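Note: the block below is input_36.csv and it holds CSV, C-alpha atoms and all ligand atoms.
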chain,number,residue,atom,x,y,z
A,1422,MET,CA,10.0,-23.1,-0.7
A,1423,LYS,CA,11.4,-21.2,-3.7
A,1424,LYS,CA,12.8,-17.7,-3.8
A,1425,PHE,CA,12.4,-15.0,-6.5
A,1426,PHE,CA,13.7,-11.5,-6.8
A,1427,ARG,CA,11.3,-8.7,-7.7
A,1428,GLN,CA,10.3,-8.6,-11.3
A,1429,PRO,CA,10.9,-5.5,-13.5
A,1430,PHE,CA,8.2,-3.0,-13.3
A,1431,TRP,CA,7.6,-2.9,-17.1
A,1432,ALA,CA,5.7,-6.1,-16.5
A,1433,VAL,CA,2.1,-6.5,-17.2
A,1434,LEU,CA,-1.1,-4.7,-16.4
A,1435,PRO,CA,-3.8,-5.0,-15.3
A,1436,ILE,CA,-4.6,-6.7,-12.0
A,1437,PHE,CA,-7.0,-9.0,-13.9
A,1438,MET,CA,-6.4,-10.4,-17.3
A,1439,LEU,CA,-9.6,-11.7,-18.8
A,1440,PHE,CA,-10.0,-13.3,-22.2
A,1441,LEU,CA,-13.3,-14.1,-23.7
A,1442,GLY,CA,-13.3,-16.8,-26.3
A,1443,GLY,CA,-16.6,-18.5,-26.8
A,1444,CYS,CA,-15.9,-21.2,-29.3
A,1445,GLY,CA,-18.9,-23.5,-29.4
A,1446,GLN,CA,-20.4,-21.6,-26.5
A,1447,GLY,CA,-22.3,-19.0,-28.5
A,1448,LYS,CA,-25.1,-18.7,-25.9
A,1449,VAL,CA,-22.8,-17.6,-23.0
A,1450,GLN,CA,-22.7,-13.9,-22.6
A,1451,GLU,CA,-20.3,-11.7,-20.6
A,1452,ILE,CA,-21.5,-9.0,-18.3
A,1453,GLY,CA,-18.9,-6.6,-16.8
A,1454,ARG,CA,-19.2,-3.8,-14.4
A,1455,VAL,CA,-17.0,-1.6,-12.1
A,1456,ASP,CA,-18.3,0.1,-9.0
A,1457,THR,CA,-17.2,1.5,-5.6
A,1458,ALA,CA,-18.4,-0.2,-2.5
A,1459,MET,CA,-16.9,-0.9,1.0
A,1460,GLY,CA,-14.6,2.0,0.4
A,1461,THR,CA,-12.9,0.2,-2.5
A,1462,VAL,CA,-13.3,-0.8,-6.2
A,1463,VAL,CA,-15.6,-3.7,-7.1
A,1464,GLN,CA,-14.9,-5.3,-10.5
A,1465,GLN,CA,-17.2,-8.0,-11.9
A,1466,THR,CA,-17.1,-10.2,-14.9
A,1467,VAL,CA,-20.0,-12.6,-15.0
A,1468,TYR,CA,-20.7,-15.2,-17.7
A,1469,VAL,CA,-24.4,-16.1,-18.1
A,1470,THR,CA,-26.6,-18.2,-20.4
A,1471,GLU,CA,-29.4,-15.9,-19.8
A,1472,MET,CA,-28.9,-12.2,-19.1
A,1473,GLY,CA,-30.5,-11.1,-15.9
A,1474,LYS,CA,-29.7,-8.5,-13.2
A,1475,GLN,CA,-26.7,-10.6,-11.9
A,1476,THR,CA,-24.1,-7.8,-11.6
A,1477,GLU,CA,-26.6,-5.4,-10.2
A,1478,ASP,CA,-27.7,-8.0,-7.6
A,1479,ILE,CA,-24.1,-8.7,-6.7
A,1480,LEU,CA,-23.4,-5.0,-6.1
A,1481,SER,CA,-26.6,-4.7,-4.0
A,1482,LEU,CA,-25.5,-7.7,-1.9
A,1483,ILE,CA,-22.1,-6.1,-1.1
A,1484,LEU,CA,-23.8,-2.7,-0.2
A,1485,GLU,CA,-26.4,-4.6,2.0
A,1486,LEU,CA,-23.7,-6.5,3.8
A,1487,GLU,CA,-21.9,-3.3,4.7
A,1488,GLU,CA,-25.0,-1.3,5.6
A,1489,GLU,CA,-26.9,-4.0,7.5
A,1490,THR,CA,-24.1,-6.1,9.2
A,1491,LEU,CA,-20.5,-5.1,9.0
A,1492,SER,CA,-20.0,-1.3,9.1
A,1493,TRP,CA,-18.7,0.2,12.3
A,1494,ARG,CA,-19.6,3.7,11.0
A,1495,LEU,CA,-23.2,3.3,9.8
A,1496,GLU,CA,-25.9,3.3,12.4
A,1497,THR,CA,-27.9,1.0,10.3
A,1498,SER,CA,-25.5,-1.9,10.8
A,1499,GLU,CA,-25.7,-4.7,13.4
A,1500,LEU,CA,-22.0,-4.2,14.3
A,1501,PHE,CA,-22.7,-0.5,15.0
A,1502,GLN,CA,-25.5,-1.5,17.3
A,1503,VAL,CA,-23.3,-4.1,19.1
A,1504,ASN,CA,-20.5,-1.6,19.6
A,1505,ALA,CA,-23.0,0.9,21.1
A,1506,TYR,CA,-23.7,-1.6,23.9
A,1507,ALA,CA,-20.0,-1.6,25.0
A,1508,GLY,CA,-19.9,-0.7,28.7
A,1509,SER,CA,-23.6,-0.9,29.2
A,1510,GLY,CA,-23.3,-4.1,31.3
A,1511,ARG,CA,-25.8,-5.8,29.0
A,1512,TRP,CA,-25.5,-8.8,26.7
A,1513,VAL,CA,-26.8,-8.5,23.1
A,1514,GLU,CA,-28.2,-11.3,21.0
A,1515,LEU,CA,-26.5,-11.5,17.6
A,1516,SER,CA,-27.9,-12.6,14.3
A,1517,GLU,CA,-26.9,-16.0,13.1
A,1518,GLU,CA,-24.6,-14.4,10.5
A,1519,LEU,CA,-22.7,-12.2,12.9
A,1520,SER,CA,-22.5,-15.0,15.5
A,1521,ARG,CA,-20.8,-17.2,13.0
A,1522,ILE,CA,-18.5,-14.5,11.8
A,1523,LEU,CA,-17.3,-13.5,15.3
A,1524,GLU,CA,-16.9,-17.1,16.3
A,1525,GLN,CA,-14.6,-17.7,13.3
A,1526,CYS,CA,-12.7,-14.5,14.0
A,1527,ALA,CA,-12.2,-15.4,17.6
A,1528,LYS,CA,-10.7,-18.8,16.5
A,1529,LEU,CA,-8.4,-17.0,14.1
A,1530,THR,CA,-7.3,-14.7,17.0
A,1531,GLU,CA,-6.5,-17.7,19.1
A,1532,ASP,CA,-4.7,-19.6,16.3
A,1533,SER,CA,-2.7,-16.5,15.3
A,1534,GLY,CA,-1.6,-15.9,18.9
A,1535,GLY,CA,-3.5,-12.5,18.9
A,1536,ALA,CA,-1.9,-11.2,15.6
A,1537,PHE,CA,-5.4,-11.0,14.1
A,1538,ASP,CA,-7.9,-9.3,16.3
A,1539,VAL,CA,-11.2,-7.7,15.3
A,1540,ALA,CA,-11.5,-6.1,18.7
A,1541,LEU,CA,-8.8,-3.6,17.7
A,1542,GLY,CA,-11.4,-0.9,17.0
A,1543,PRO,CA,-10.1,1.7,19.6
A,1544,VAL,CA,-6.6,1.5,18.1
A,1545,ALA,CA,-7.8,1.6,14.5
A,1546,ARG,CA,-10.0,4.7,15.4
A,1547,LEU,CA,-7.0,6.5,16.9
A,1548,TRP,CA,-4.9,6.0,13.8
A,1549,ASN,CA,-8.1,7.2,11.8
A,1550,ILE,CA,-7.3,4.6,9.2
A,1551,ASP,CA,-10.6,4.9,7.4
A,1552,SER,CA,-9.7,8.5,6.4
A,1553,TRP,CA,-6.5,7.4,4.6
A,1554,ALA,CA,-6.2,6.3,1.0
A,1555,ALA,CA,-3.3,4.8,-0.8
A,1556,GLY,CA,-0.7,7.4,-1.4
A,1557,LEU,CA,-2.6,10.2,0.3
A,1558,HIS,CA,-0.4,12.7,2.2
A,1559,THR,CA,-2.8,13.9,4.9
A,1560,GLU,CA,-1.4,17.2,6.1
A,1561,SER,CA,-3.4,17.0,9.3
A,1562,PHE,CA,-2.2,13.5,10.2
A,1563,GLN,CA,-0.4,13.1,13.5
A,1564,VAL,CA,1.1,10.0,14.8
A,1565,PRO,CA,-0.8,9.0,18.0
A,1566,GLY,CA,1.0,9.7,21.2
A,1567,LYS,CA,2.4,6.9,23.3
A,1568,GLN,CA,-0.1,7.4,26.1
A,1569,GLU,CA,-3.1,7.6,23.9
A,1570,LEU,CA,-2.0,4.4,22.2
A,1571,GLU,CA,-1.6,2.7,25.5
A,1572,GLU,CA,-5.1,3.7,26.6
A,1573,ALA,CA,-6.6,2.5,23.3
A,1574,LEU,CA,-4.7,-0.8,23.6
A,1575,ALA,CA,-6.0,-1.3,27.1
A,1576,GLN,CA,-9.6,-1.2,25.6
A,1577,SER,CA,-8.7,-3.4,22.7
A,1578,GLY,CA,-8.3,-7.1,22.2
A,1579,MET,CA,-10.6,-10.1,22.2
A,1580,GLU,CA,-10.4,-10.3,26.0
A,1581,GLN,CA,-12.8,-7.2,25.9
A,1582,LEU,CA,-15.4,-9.4,24.4
A,1583,ARG,CA,-17.4,-12.4,25.6
A,1584,LEU,CA,-19.3,-14.5,23.1
A,1585,GLU,CA,-21.6,-17.3,24.3
A,1586,PHE,CA,-23.7,-19.8,22.4
A,1587,LEU,CA,-26.5,-21.4,24.4
A,1588,PRO,CA,-26.4,-25.2,23.7
A,1589,GLY,CA,-28.1,-26.0,20.4
A,1590,GLU,CA,-28.5,-22.3,19.4
A,1591,GLU,CA,-27.1,-20.8,16.2
A,1592,CYS,CA,-27.2,-17.2,17.6
A,1593,ALA,CA,-24.7,-16.1,20.2
A,1594,ASP,CA,-25.0,-13.5,22.9
A,1595,VAL,CA,-22.1,-11.0,23.1
A,1596,TYR,CA,-20.9,-8.7,25.8
A,1597,LEU,CA,-18.4,-5.8,25.3
A,1598,GLU,CA,-16.4,-4.1,28.0
A,1599,GLU,CA,-16.4,-0.3,28.4
A,1600,GLY,CA,-14.6,1.4,25.4
A,1601,ALA,CA,-14.4,-1.8,23.4
A,1602,ALA,CA,-15.2,-1.6,19.7
A,1603,LEU,CA,-15.2,-4.3,17.0
A,1604,ASP,CA,-13.8,-3.5,13.5
A,1605,LEU,CA,-14.4,-6.1,10.8
A,1606,GLY,CA,-12.3,-4.3,8.2
A,1607,ALA,CA,-9.8,-7.2,8.0
A,1608,VAL,CA,-12.5,-9.7,6.8
A,1609,GLY,CA,-15.2,-7.5,5.2
A,1610,LYS,CA,-14.1,-7.9,1.6
A,1611,GLY,CA,-13.7,-11.7,2.0
A,1612,LEU,CA,-17.1,-11.9,3.6
A,1613,ALA,CA,-18.6,-10.1,0.6
A,1614,LEU,CA,-17.1,-12.9,-1.6
A,1615,ASP,CA,-18.8,-15.5,0.5
A,1616,VAL,CA,-22.2,-13.9,0.1
A,1617,ILE,CA,-21.5,-13.5,-3.7
A,1618,SER,CA,-20.5,-17.1,-4.1
A,1619,ARG,CA,-23.8,-18.3,-2.5
A,1620,TYR,CA,-25.7,-16.0,-4.9
A,1621,LEU,CA,-23.8,-17.4,-8.0
A,1622,GLU,CA,-24.4,-21.0,-6.9
A,1623,ALA,CA,-28.1,-20.3,-6.7
A,1624,ASP,CA,-28.3,-18.9,-10.2
A,1625,ALA,CA,-28.3,-21.7,-12.8
A,1626,HIS,CA,-27.8,-19.2,-15.6
A,1627,VAL,CA,-24.3,-18.3,-14.3
A,1628,THR,CA,-21.5,-20.4,-15.8
A,1629,GLY,CA,-18.6,-18.5,-14.5
A,1630,ALA,CA,-17.5,-15.3,-12.8
A,1631,VAL,CA,-14.6,-13.4,-11.4
A,1632,VAL,CA,-15.3,-10.7,-8.8
A,1633,SER,CA,-12.9,-8.5,-7.0
A,1634,VAL,CA,-13.7,-6.4,-3.9
A,1635,GLY,CA,-10.5,-4.4,-3.3
A,1636,GLY,CA,-7.7,-6.9,-2.5
A,1637,SER,CA,-10.0,-9.9,-2.4
A,1638,VAL,CA,-10.9,-11.9,-5.5
A,1639,LEU,CA,-13.4,-14.7,-6.1
A,1640,THR,CA,-13.2,-17.0,-9.2
A,1641,TYR,CA,-16.2,-19.2,-9.9
A,1642,GLY,CA,-17.1,-21.8,-12.5
A,1643,GLU,CA,-15.5,-21.6,-15.9
A,1644,LYS,CA,-14.7,-19.2,-18.7
A,1645,PRO,CA,-16.6,-19.8,-21.9
A,1646,ASP,CA,-13.4,-20.6,-23.9
A,1647,GLY,CA,-12.3,-23.1,-21.3
A,1648,THR,CA,-9.1,-21.3,-20.4
A,1649,SER,CA,-8.0,-20.7,-16.7
A,1650,TRP,CA,-8.7,-17.7,-14.6
A,1651,ARG,CA,-5.7,-15.4,-14.4
A,1652,VAL,CA,-5.4,-13.2,-11.3
A,1653,GLY,CA,-2.6,-10.8,-11.0
A,1654,ILE,CA,-0.7,-10.2,-7.8
A,1655,ALA,CA,0.4,-6.6,-7.5
A,1656,ASN,CA,4.0,-5.6,-7.0
A,1657,PRO,CA,3.9,-3.9,-3.6
A,1658,ASN,CA,6.6,-1.4,-4.7
A,1659,ASN,CA,4.5,-0.3,-7.7
A,1660,SER,CA,1.0,-1.6,-7.3
A,1661,SER,CA,0.0,-0.6,-10.9
A,1662,VAL,CA,2.1,-3.5,-12.2
A,1663,ASN,CA,1.9,-7.2,-11.5
A,1664,LEU,CA,4.6,-9.2,-9.7
A,1665,GLY,CA,3.1,-12.4,-11.1
A,1666,ILE,CA,0.0,-14.2,-12.2
A,1667,LEU,CA,-2.0,-16.9,-10.5
A,1668,THR,CA,-3.5,-19.4,-13.0
A,1669,LEU,CA,-6.6,-21.0,-11.4
A,1670,THR,CA,-9.4,-23.2,-12.5
A,1671,GLY,CA,-12.8,-23.3,-10.7
A,1672,GLN,CA,-13.6,-21.7,-7.4
A,1673,TRP,CA,-11.0,-19.9,-5.4
A,1674,TYR,CA,-10.9,-17.1,-2.8
A,1675,ILE,CA,-7.7,-15.0,-3.0
A,1676,SER,CA,-6.9,-12.1,-0.7
A,1677,THR,CA,-3.9,-9.8,-0.5
A,1678,SER,CA,-2.9,-7.6,2.5
A,1679,GLY,CA,-0.2,-5.1,1.7
A,1680,ASP,CA,1.5,-2.0,3.2
A,1681,TYR,CA,0.8,-0.1,-0.1
A,1682,GLU,CA,-3.0,-0.5,0.0
A,1683,ARG,CA,-3.8,2.2,2.6
A,1684,TYR,CA,-1.2,4.4,4.3
A,1685,VAL,CA,-0.1,7.9,5.3
A,1686,GLU,CA,3.3,9.4,5.4
A,1687,SER,CA,4.6,11.7,8.1
A,1688,GLY,CA,8.2,12.8,8.9
A,1689,GLY,CA,9.4,10.6,6.0
A,1690,VAL,CA,7.9,7.5,7.6
A,1691,ARG,CA,5.1,5.4,6.0
A,1692,TYR,CA,2.3,4.3,8.4
A,1693,HIS,CA,0.2,1.6,6.9
A,1694,HIS,CA,-3.2,0.2,7.9
A,1695,ILE,CA,-2.3,-3.3,9.2
A,1696,LEU,CA,-1.7,-3.0,12.9
A,1697,ASP,CA,0.2,-5.1,15.3
A,1698,PRO,CA,-2.1,-5.7,18.3
A,1699,ALA,CA,1.0,-6.2,20.5
A,1700,THR,CA,2.3,-2.7,19.9
A,1701,GLY,CA,-0.6,-0.7,18.4
A,1702,TYR,CA,1.7,0.4,15.6
A,1703,PRO,CA,1.6,-0.7,12.0
A,1704,ALA,CA,3.0,-4.2,11.8
A,1705,ASP,CA,6.7,-4.3,11.0
A,1706,SER,CA,7.3,-8.0,10.3
A,1707,GLY,CA,9.6,-7.6,7.3
A,1708,LEU,CA,6.8,-8.0,4.8
A,1709,SER,CA,5.3,-5.8,2.1
A,1710,SER,CA,2.4,-8.0,1.1
A,1711,VAL,CA,0.9,-11.4,1.7
A,1712,THR,CA,-1.5,-13.2,-0.7
A,1713,VAL,CA,-3.6,-16.1,0.7
A,1714,LEU,CA,-5.8,-18.7,-1.1
A,1715,ALA,CA,-8.3,-20.3,1.2
A,1716,GLU,CA,-11.5,-22.3,1.3
A,1717,ASN,CA,-13.7,-19.2,1.8
A,1718,GLY,CA,-13.5,-15.5,1.7
A,1719,LEU,CA,-13.5,-14.9,5.5
A,1720,LEU,CA,-10.5,-17.1,5.8
A,1721,SER,CA,-8.5,-15.8,2.8
A,1722,ASP,CA,-9.1,-12.2,4.0
A,1723,GLY,CA,-8.5,-12.9,7.7
A,1724,LEU,CA,-5.5,-15.1,7.1
A,1725,SER,CA,-3.9,-12.5,4.8
A,1726,THR,CA,-4.1,-9.9,7.5
A,1727,ALA,CA,-2.9,-12.3,10.2
A,1728,CYS,CA,0.0,-13.6,8.1
A,1729,PHE,CA,1.1,-10.0,7.4
A,1730,VAL,CA,1.3,-9.3,11.1
A,1731,LEU,CA,3.0,-12.6,11.9
A,1732,GLY,CA,5.7,-12.3,9.2
A,1733,ARG,CA,6.9,-15.0,6.9
A,1734,GLU,CA,7.8,-17.9,9.1
A,1735,ARG,CA,4.9,-17.8,11.6
A,1736,GLY,CA,2.5,-16.7,8.8
A,1737,MET,CA,3.5,-19.7,6.7
A,1738,ALA,CA,2.8,-22.1,9.6
A,1739,LEU,CA,-0.6,-20.5,10.2
A,1740,ALA,CA,-1.6,-20.7,6.5
A,1741,GLN,CA,-0.6,-24.3,6.4
A,1742,GLN,CA,-2.5,-25.0,9.6
A,1743,TYR,CA,-5.7,-23.8,7.7
A,1744,GLY,CA,-4.8,-25.8,4.6
A,1745,ALA,CA,-4.4,-22.4,2.8
A,1746,GLU,CA,-1.8,-21.4,0.2
A,1747,ALA,CA,0.2,-18.3,0.8
A,1748,LEU,CA,2.7,-16.0,-1.0
A,1749,PHE,CA,4.9,-13.6,1.0
A,1750,VAL,CA,6.7,-10.6,-0.5
A,1751,GLU,CA,9.4,-9.3,1.8
A,1752,LYS,CA,10.4,-5.7,1.9
A,1753,ASP,CA,13.5,-6.5,-0.1
A,1754,GLY,CA,11.4,-8.0,-2.8
A,1755,GLU,CA,12.1,-11.6,-2.1
A,1756,ILE,CA,9.2,-14.0,-2.6
A,1757,PHE,CA,8.4,-17.0,-0.5
A,1758,MET,CA,5.5,-19.4,-1.1
A,1759,THR,CA,3.8,-22.5,0.2
A,1760,PRO,CA,4.5,-25.5,-2.0
A,1761,GLY,CA,1.0,-25.5,-3.4
A,1762,MET,CA,1.3,-21.8,-4.4
A,1763,GLU,CA,4.3,-22.6,-6.4
A,1764,ALA,CA,2.2,-24.6,-8.8
A,1765,LEU,CA,-0.2,-21.7,-9.3
A,1766,PHE,CA,2.1,-18.7,-9.5
A,1767,GLN,CA,4.2,-17.5,-12.5
A,1768,PRO,CA,6.4,-14.4,-11.9
A,1769,VAL,CA,6.0,-11.8,-14.6
A,1770,GLU,CA,9.1,-11.7,-16.7
A,1801,LIG,P1,-6.7,-6.0,5.4
A,1801,LIG,O1,-6.5,-4.9,4.4
A,1801,LIG,O2,-7.7,-7.1,5.0
A,1801,LIG,O3,-5.4,-6.6,5.8
A,1801,LIG,O4,-7.4,-5.4,6.6
A,1801,LIG,C1,-6.9,-4.3,7.3
A,1801,LIG,C2,-8.0,-3.6,8.1
A,1801,LIG,O5,-8.3,-4.5,9.2
A,1801,LIG,C3,-7.5,-2.3,8.7
A,1801,LIG,O6,-8.0,-1.2,7.9
A,1801,LIG,C4,-8.2,-2.3,10.0
A,1801,LIG,O7,-9.5,-1.8,9.9
A,1801,LIG,C5,-8.3,-3.8,10.4
A,1801,LIG,N1,-7.0,-4.3,11.1
A,1801,LIG,C6,-5.8,-3.7,11.1
A,1801,LIG,N2,-4.9,-4.5,11.8
A,1801,LIG,C7,-5.6,-5.6,12.2
A,1801,LIG,C8,-5.3,-6.8,12.9
A,1801,LIG,N3,-4.1,-7.0,13.4
A,1801,LIG,N4,-6.3,-7.7,13.1
A,1801,LIG,C9,-7.6,-7.5,12.6
A,1801,LIG,N5,-7.9,-6.4,12.0
A,1801,LIG,C10,-7.0,-5.4,11.7
A,1802,MG,MG,-7.7,-9.1,5.4
Taking this structure as input, can you express it in the form of structure tokens?
Amino acid sequence: MKKFFRQPFWAVLPIFMLFLGGCGQGKVQEIGRVDTAMGTVVQQTVYVTEMGKQTEDILSLILELEEETLSWRLETSELFQVNAYAGSGRWVELSEELSRILEQCAKLTEDSGGAFDVALGPVARLWNIDSWAAGLHTESFQVPGKQELEEALAQSGMEQLRLEFLPGEECADVYLEEGAALDLGAVGKGLALDVISRYLEADAHVTGAVVSVGGSVLTYGEKPDGTSWRVGIANPNNSSVNLGILTLTGQWYISTSGDYERYVESGGVRYHHILDPATGYPADSGLSSVTVLAENGLLSDGLSTACFVLGRERGMALAQQYGAEALFVEKDGEIFMTPGMEALFQPVE
């Protein structure tokens, strides 16, 4: 484990640094596009041997995932329908996709000792996180009262949920207690990367791509000039500059959870969006951000949230249990990494 101090803020922009070469690869073309989806910015650069609707399709896949499966706000989504059954005394049959997602989230809850918990909906609603944006000073914001928080906490947690797979079945049945609500905000962007990567693999005309959905990034294939992907890690104290760069080849899933991404301030205190299920308050584990590289997007995104709540030491152990690489930025700017991350990360001078 190696330590660094925070890099000066005159360092380098932007979050992505992309270079298009093309020597001897004249047929490969670059398509780029920036959109908003899942309440965040989606940036795509896709390299193709034959121009199609790739970037348009990718955006549609993200929007569809949100509208049809993951959103807790849109009535059209499966998750919304599941939440609506809470307290009905009835079991609901899930799609194969949501069954697999909830199964893996439940495992991450167990492995993180409850630090990661997608059944934290009642507490997240109370803080009204979705109405915040980074740096926004919401005049009307009020810190939830102790009693309201206790009530919301009593209706939160994976113990409010039962998930059962019949032998040999791919689809689970789920049961939610009264007042319970699922919130997949901690894995949604990573799940989008998983869907996108399946799409890219199925299109033989795609030779490489880098797609970011908020704080989660997918690198895929190769750049036409043969150079590595370069993915910036934001400085949590000034997220418009990079703390360092990850140099990566091939396919990676990279997610960052940070206290600067979404927060409100009240009475001089910053309240950020990553909650500690043990207290109901924003996690205070000494970290400003965590970046995780994992074998798929669900894991990179889920682990980054879990590690943020757990703090450096326990987070490091959890990341390693999953064979993931992690980089922790503490509030004082010190950086700690798994050994594998050290080989990929260069601090910005
Ligand atoms: P992320 O930015 O990926 O770390 O995810 C944060 C989002 O996940 C929040 O906006 C909440 O919707 C939700 N969330 C907050 N705290 C937790 C937690 N401890 N476990 C699971 N989901 C959480
Ligand atoms: Mg996450």
Give me, as a ChimeraX atom specification, all polymer residues having an atom no more than 9 Å from segment 1679-1696 of chain A, counting only C-alpha atoms and skipping those fewer than 6 positions away in the same chain.
/A:1536-1537,1541,1544-1545,1548,1550-1551,1553-1560,1562-1564,1607,1636,1657-1660,1702-1705,1708-1712,1725-1726,1729-1730
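Of the listed residues (A:Val1750, A:Leu1614, A:Cys1728, A:Leu1495), A:Leu1614 comes nearest to Tyr1674 of chain A; the distances count only C-alpha atoms.
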**Within 9 Å of ligand MG 1802 (chain A), counting all atoms listed in the file, residues as a list of chain:residue names** = A:Gly1606, A:Ala1607, A:Val1608, A:Gly1609, A:Lys1610, A:Gly1611, A:Gly1636, A:Ser1637, A:Ser1676, A:Thr1677, A:Ser1678, A:Ile1695, A:Leu1719, A:Leu1720, A:Ser1721, A:Asp1722, A:Gly1723, A:Leu1724, A:Ser1725, A:Thr1726, A:Ala1727
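Between atom CA of Gly1754 of chain A and atom CA of Gly1665 of chain A the interatomic distance comes to 12.5 Å.
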Q.
Would you compute the distance between atom CA of Gly1510 of chain A and atom CA of Ser1498 of chain A? Give it in Å to one decimal.
A.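 Between atom CA of Gly1510 of chain A and atom CA of Ser1498 of chain A the gap is 20.7 Å.
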Requested in this report: Would you mind reading off the distance between atom C6 of ligand LIG 1801 (chain A) and atom CA of Gly1542 of chain A, one decimal, in Å?
Outcome: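 Going from atom C6 of ligand LIG 1801 (chain A) over to atom CA of Gly1542 of chain A, I get 8.6 Å.
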query: Got a sec: who's within 8 Å of Leu1669 of chain A, counting all atoms listed in the file, leaving out chain neighbours fewer than 2 positions off, as an MDAnalysis selection string?
result: chainID A and resid 1649:1652 1667 1671 1673 1765
- If we count only C-alpha atoms, what is near Ser1618 of chain A at a cut-off of 12 Å, once residues fewer than 2 positions away on the same chain are taken out, given as a ChimeraX atom specification? /A:1467,1475,1479,1482-1483,1611-1616,1620-1624,1627,1629-1633,1638-1642,1671-1674,1716-1718
Check your understanding: Using only C-alpha atoms, which residue out of A:Ala1458, A:Val1463, A:Val1469, A:Met1762 lies closest to Pro1645 of chain A?
Key ->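 When distances to Pro1645 of chain A are compared using only C-alpha atoms, the smallest one comes from A:Val1469.
Among the candidates A:Thr1628, A:Thr1490, A:Thr1470, A:Thr1530, the one nearest to ligand LIG 1801 (chain A) when counting only C-alpha atoms and all ligand atoms is A:Thr1530.
Compared by their closest atoms to Arg1494 of chain A, and using all atoms listed in the file, the residues A:Gly1701, A:Arg1546, A:Ala1575, A:Met1758 rank with A:Arg1546 nearest.
Nearest residue to Glu1517 of chain A, choosing from A:Ala1593, A:Leu1748, A:Leu1603, A:Ile1654 and counting all atoms listed in the file: A:Ala1593.
Restricting the calculation to all atoms listed in the file, the smallest distance between ligand LIG 1801 (chain A) and any of A:Glu1751, A:Glu1643, A:Glu1590, A:Glu1531 is found for A:Glu1531.
Residue neighbourhood of Cys1592 of chain A, excluding near-sequence residues (fewer than 5 positions): Glu1514, Leu1515, Ser1516, Glu1517, Ser1520 and Phe1586 of chain A, at 7 Å, using only C-alpha atoms.
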Take segment 1647-1651 of chain A, bring it up to all heavy atoms, and give me the output as a PDB file, keeping the file's coordinate frame.
ATOM      1  N   GLY A1647     -12.951 -21.989 -21.946  1.00  0.00           N
ATOM      2  CA  GLY A1647     -12.300 -23.100 -21.300  1.00  0.00           C
ATOM      3  C   GLY A1647     -10.922 -22.823 -20.718  1.00  0.00           C
ATOM      4  O   GLY A1647     -10.300 -23.685 -20.103  1.00  0.00           O
ATOM      5  N   THR A1648     -10.412 -21.587 -20.918  1.00  0.00           N
ATOM      6  CA  THR A1648      -9.100 -21.300 -20.400  1.00  0.00           C
ATOM      7  C   THR A1648      -9.205 -20.971 -18.879  1.00  0.00           C
ATOM      8  O   THR A1648     -10.306 -20.775 -18.349  1.00  0.00           O
ATOM      9  CB  THR A1648      -8.449 -20.055 -21.081  1.00  0.00           C
ATOM     10  OG1 THR A1648      -9.345 -18.934 -20.921  1.00  0.00           O
ATOM     11  CG2 THR A1648      -8.199 -20.322 -22.550  1.00  0.00           C
ATOM     12  N   SER A1649      -8.057 -20.922 -18.206  1.00  0.00           N
ATOM     13  CA  SER A1649      -8.000 -20.700 -16.700  1.00  0.00           C
ATOM     14  C   SER A1649      -8.286 -19.255 -16.388  1.00  0.00           C
ATOM     15  O   SER A1649      -8.088 -18.361 -17.216  1.00  0.00           O
ATOM     16  CB  SER A1649      -6.682 -21.128 -16.191  1.00  0.00           C
ATOM     17  OG  SER A1649      -6.420 -22.454 -16.548  1.00  0.00           O
ATOM     18  N   TRP A1650      -8.660 -19.053 -15.141  1.00  0.00           N
ATOM     19  CA  TRP A1650      -8.700 -17.700 -14.600  1.00  0.00           C
ATOM     20  C   TRP A1650      -7.272 -17.235 -14.386  1.00  0.00           C
ATOM     21  O   TRP A1650      -6.429 -18.038 -13.989  1.00  0.00           O
ATOM     22  CB  TRP A1650      -9.427 -17.662 -13.240  1.00  0.00           C
ATOM     23  CG  TRP A1650     -10.820 -18.177 -13.276  1.00  0.00           C
ATOM     24  CD1 TRP A1650     -11.288 -19.301 -12.662  1.00  0.00           C
ATOM     25  CD2 TRP A1650     -11.942 -17.581 -13.936  1.00  0.00           C
ATOM     26  NE1 TRP A1650     -12.626 -19.447 -12.911  1.00  0.00           N
ATOM     27  CE2 TRP A1650     -13.054 -18.410 -13.691  1.00  0.00           C
ATOM     28  CE3 TRP A1650     -12.103 -16.433 -14.714  1.00  0.00           C
ATOM     29  CZ2 TRP A1650     -14.315 -18.124 -14.188  1.00  0.00           C
ATOM     30  CZ3 TRP A1650     -13.361 -16.154 -15.221  1.00  0.00           C
ATOM     31  CH2 TRP A1650     -14.450 -16.991 -14.950  1.00  0.00           C
ATOM     32  N   ARG A1651      -7.031 -15.959 -14.660  1.00  0.00           N
ATOM     33  CA  ARG A1651      -5.700 -15.400 -14.400  1.00  0.00           C
ATOM     34  C   ARG A1651      -5.816 -14.200 -13.497  1.00  0.00           C
ATOM     35  O   ARG A1651      -6.447 -13.212 -13.861  1.00  0.00           O
ATOM     36  CB  ARG A1651      -5.028 -15.025 -15.745  1.00  0.00           C
ATOM     37  CG  ARG A1651      -4.676 -16.266 -16.575  1.00  0.00           C
ATOM     38  CD  ARG A1651      -4.398 -15.911 -18.010  1.00  0.00           C
ATOM     39  NE  ARG A1651      -3.280 -14.984 -18.191  1.00  0.00           N
ATOM     40  CZ  ARG A1651      -1.998 -15.332 -18.139  1.00  0.00           C
ATOM     41  NH1 ARG A1651      -1.657 -16.579 -17.918  1.00  0.00           N
ATOM     42  NH2 ARG A1651      -1.058 -14.431 -18.310  1.00  0.00           N
TER      43      ARG A1651
END
